[in-house]
Amino acid sequence: MKKIIVICCIVLLLSIIPTAAGVQLPKDSEPHNGIINRTIIRGVALFPRVTNGGKSLTFFAVRVHYRTITLEGVLSGIIRCRPVTIPNTVSGFIGKCYLMGTFHGPIDIFP
């Protein structure tokens with residue numbers, strides 16, 4: 001009888017694992033204001049526009065180079081031919097077809 005109870009408990013715990021793995025945590029909507037967590041961007045970008053009630057800047061990246069500096073290290077790369085949304089706290093130059101600037105927080109390039 002005790003073996004059946006133990007087996008049932010194990011099966012119950014194993015059935016909960018897929019449910020716990022599917023739960024998504026809410027994203028932090030506040031910008032990261034640490035001095036170490038900073039992103040530098042530059043490149044050719046088309047159609048820059050302010051979105052999300054003035055909180056975000058969205059553009060189509062033709063070829064944009066980014067470098068994110070955090071406590072864990074430096075992450076850099078190139079974004080090509082995709083829409084990108086960044087915080088609207090960019091200090092730098094944003095023109096009609098070129099941008100160069102820096103802002104607090106990481107760049108979210110994954111859709």
# chains A, B, ... in the order shown; residues from 1 in each chain; ligands from 1
>>> residues_around(residues="stretch 84-98 of chain A", least_positions_apart="2", cutoff="10 Å", atoms="only C-alpha atoms", output="ChimeraX atom specification")
/A:30-31,39-52,54-64,79-82,100-111
>>> select_by_dssp(residues="chain A", states="alpha helix (DSSP H)", output="count of residues only")
21
>>> select_by_dssp(residues="chain A", states="strand (DSSP E)", output="MDAnalysis selection string")
chainID A and resid 38:51 56:69 74:87 91:94 98:104
>>> write_last_selection(atoms="N, CA and C atoms", output="short mmCIF file (atom, residue, chain, number, x, y, z; two decimals), in the first residue's frame")
data_model
loop_
_atom_site.label_atom_id
_atom_site.label_comp_id
_atom_site.auth_asym_id
_atom_site.auth_seq_id
_atom_site.Cartn_x
_atom_site.Cartn_y
_atom_site.Cartn_z
N ARG A 38 24.37 49.71 -20.09
CA ARG A 38 24.21 50.74 -21.11
C ARG A 38 24.39 50.12 -22.49
N THR A 39 23.62 50.61 -23.46
CA THR A 39 23.71 50.14 -24.84
C THR A 39 24.08 51.30 -25.75
N ILE A 40 25.01 51.05 -26.65
CA ILE A 40 25.43 52.03 -27.65
C ILE A 40 25.01 51.49 -29.01
N ILE A 41 24.32 52.32 -29.80
CA ILE A 41 23.86 51.89 -31.12
C ILE A 41 24.30 52.90 -32.17
N ARG A 42 24.50 52.40 -33.39
CA ARG A 42 24.77 53.27 -34.53
C ARG A 42 24.48 52.47 -35.80
N GLY A 43 24.00 53.17 -36.81
CA GLY A 43 23.78 52.49 -38.06
C GLY A 43 22.67 53.11 -38.89
N VAL A 44 22.35 52.44 -39.97
CA VAL A 44 21.33 52.88 -40.90
C VAL A 44 19.99 52.31 -40.47
N ALA A 45 19.05 53.22 -40.20
CA ALA A 45 17.71 52.82 -39.75
C ALA A 45 16.68 53.69 -40.45
N LEU A 46 15.61 53.09 -40.89
CA LEU A 46 14.56 53.81 -41.60
C LEU A 46 13.30 53.92 -40.74
N PHE A 47 12.51 54.93 -41.01
CA PHE A 47 11.21 55.16 -40.42
C PHE A 47 11.22 55.21 -38.88
N PRO A 48 12.05 56.04 -38.25
CA PRO A 48 12.00 56.12 -36.78
C PRO A 48 10.71 56.81 -36.35
N ARG A 49 10.06 56.25 -35.34
CA ARG A 49 8.80 56.83 -34.84
C ARG A 49 8.67 56.52 -33.36
N VAL A 50 8.01 57.41 -32.66
CA VAL A 50 7.77 57.26 -31.23
C VAL A 50 6.51 56.42 -31.06
N THR A 51 6.60 55.37 -30.23
CA THR A 51 5.46 54.47 -30.01
C THR A 51 5.24 54.28 -28.51
N SER A 56 8.68 54.46 -26.15
CA SER A 56 9.53 53.64 -27.02
C SER A 56 9.82 54.35 -28.33
N LEU A 57 10.90 53.94 -28.96
CA LEU A 57 11.26 54.40 -30.28
C LEU A 57 11.38 53.16 -31.16
N THR A 58 10.62 53.12 -32.25
CA THR A 58 10.61 51.97 -33.14
C THR A 58 11.16 52.39 -34.50
N PHE A 59 11.99 51.55 -35.10
CA PHE A 59 12.55 51.84 -36.41
C PHE A 59 12.82 50.52 -37.13
N PHE A 60 13.04 50.62 -38.45
CA PHE A 60 13.41 49.46 -39.23
C PHE A 60 14.92 49.50 -39.42
N ALA A 61 15.62 48.52 -38.86
CA ALA A 61 17.08 48.49 -38.90
C ALA A 61 17.55 47.88 -40.22
N VAL A 62 18.17 48.68 -41.06
CA VAL A 62 18.78 48.17 -42.27
C VAL A 62 20.10 47.50 -41.89
N ARG A 63 20.94 48.21 -41.16
CA ARG A 63 22.17 47.66 -40.58
C ARG A 63 22.53 48.52 -39.39
N VAL A 64 22.28 48.00 -38.20
CA VAL A 64 22.52 48.73 -36.96
C VAL A 64 23.47 47.90 -36.09
N HIS A 65 24.56 48.50 -35.66
CA HIS A 65 25.51 47.86 -34.77
C HIS A 65 25.15 48.27 -33.34
N TYR A 66 25.16 47.31 -32.42
CA TYR A 66 24.87 47.60 -31.02
C TYR A 66 25.95 46.99 -30.14
N ARG A 67 26.15 47.61 -28.97
CA ARG A 67 27.08 47.10 -27.97
C ARG A 67 26.46 47.38 -26.61
N THR A 68 26.17 46.31 -25.85
CA THR A 68 25.60 46.42 -24.52
C THR A 68 26.68 46.09 -23.50
N ILE A 69 26.87 47.00 -22.56
CA ILE A 69 27.89 46.84 -21.53
C ILE A 69 27.18 46.61 -20.21
N VAL A 74 30.44 42.30 -22.10
CA VAL A 74 30.03 43.09 -23.25
C VAL A 74 29.37 42.17 -24.27
N LEU A 75 28.21 42.60 -24.77
CA LEU A 75 27.50 41.87 -25.81
C LEU A 75 27.35 42.80 -26.99
N SER A 76 27.81 42.38 -28.16
CA SER A 76 27.70 43.23 -29.34
C SER A 76 27.26 42.40 -30.53
N GLY A 77 26.74 43.10 -31.51
CA GLY A 77 26.28 42.42 -32.70
C GLY A 77 25.74 43.40 -33.72
N ILE A 78 25.21 42.86 -34.80
CA ILE A 78 24.65 43.67 -35.88
C ILE A 78 23.24 43.19 -36.13
N ILE A 79 22.31 44.14 -36.24
CA ILE A 79 20.92 43.84 -36.55
C ILE A 79 20.70 44.24 -38.00
N ARG A 80 20.16 43.31 -38.79
CA ARG A 80 19.93 43.57 -40.21
C ARG A 80 18.49 43.26 -40.57
N CYS A 81 17.85 44.19 -41.26
CA CYS A 81 16.54 44.00 -41.91
C CYS A 81 15.48 43.47 -40.96
N ARG A 82 15.24 44.19 -39.87
CA ARG A 82 14.16 43.82 -38.96
C ARG A 82 13.75 45.04 -38.16
N PRO A 83 12.49 45.08 -37.72
CA PRO A 83 12.06 46.18 -36.86
C PRO A 83 12.60 46.03 -35.45
N VAL A 84 12.97 47.15 -34.84
CA VAL A 84 13.56 47.17 -33.51
C VAL A 84 12.86 48.22 -32.67
N THR A 85 12.63 47.89 -31.41
CA THR A 85 12.05 48.84 -30.47
C THR A 85 13.03 49.04 -29.32
N ILE A 86 13.32 50.31 -29.02
CA ILE A 86 14.23 50.65 -27.94
C ILE A 86 13.55 51.70 -27.05
N PRO A 87 14.05 51.93 -25.85
CA PRO A 87 13.48 52.99 -25.01
C PRO A 87 13.67 54.36 -25.66
N SER A 91 20.13 59.24 -25.96
CA SER A 91 20.85 60.50 -26.07
C SER A 91 21.84 60.35 -27.21
N GLY A 92 21.66 61.18 -28.23
CA GLY A 92 22.48 61.09 -29.42
C GLY A 92 21.74 61.66 -30.61
N PHE A 93 22.09 61.21 -31.78
CA PHE A 93 21.50 61.69 -33.03
C PHE A 93 20.56 60.64 -33.60
N ILE A 94 19.34 61.08 -33.92
CA ILE A 94 18.37 60.21 -34.60
C ILE A 94 17.86 60.98 -35.80
N TYR A 98 19.64 57.58 -40.32
CA TYR A 98 20.83 57.20 -39.56
C TYR A 98 20.60 57.51 -38.10
N LEU A 99 21.09 56.64 -37.23
CA LEU A 99 21.01 56.91 -35.80
C LEU A 99 22.31 56.55 -35.14
N MET A 100 22.62 57.29 -34.08
CA MET A 100 23.83 57.06 -33.30
C MET A 100 23.55 57.59 -31.91
N GLY A 101 23.63 56.73 -30.90
CA GLY A 101 23.35 57.18 -29.55
C GLY A 101 23.54 56.10 -28.52
N THR A 102 23.16 56.44 -27.31
CA THR A 102 23.29 55.52 -26.19
C THR A 102 22.07 55.65 -25.30
N PHE A 103 21.74 54.56 -24.60
CA PHE A 103 20.62 54.57 -23.66
C PHE A 103 20.87 53.53 -22.59
N HIS A 104 20.16 53.68 -21.47
CA HIS A 104 20.26 52.73 -20.37
C HIS A 104 19.45 51.48 -20.69
#
>>> atom_distance(atom1="atom CA of A:Leu71", atom2="atom CA of A:Ile36")
6.3 Å
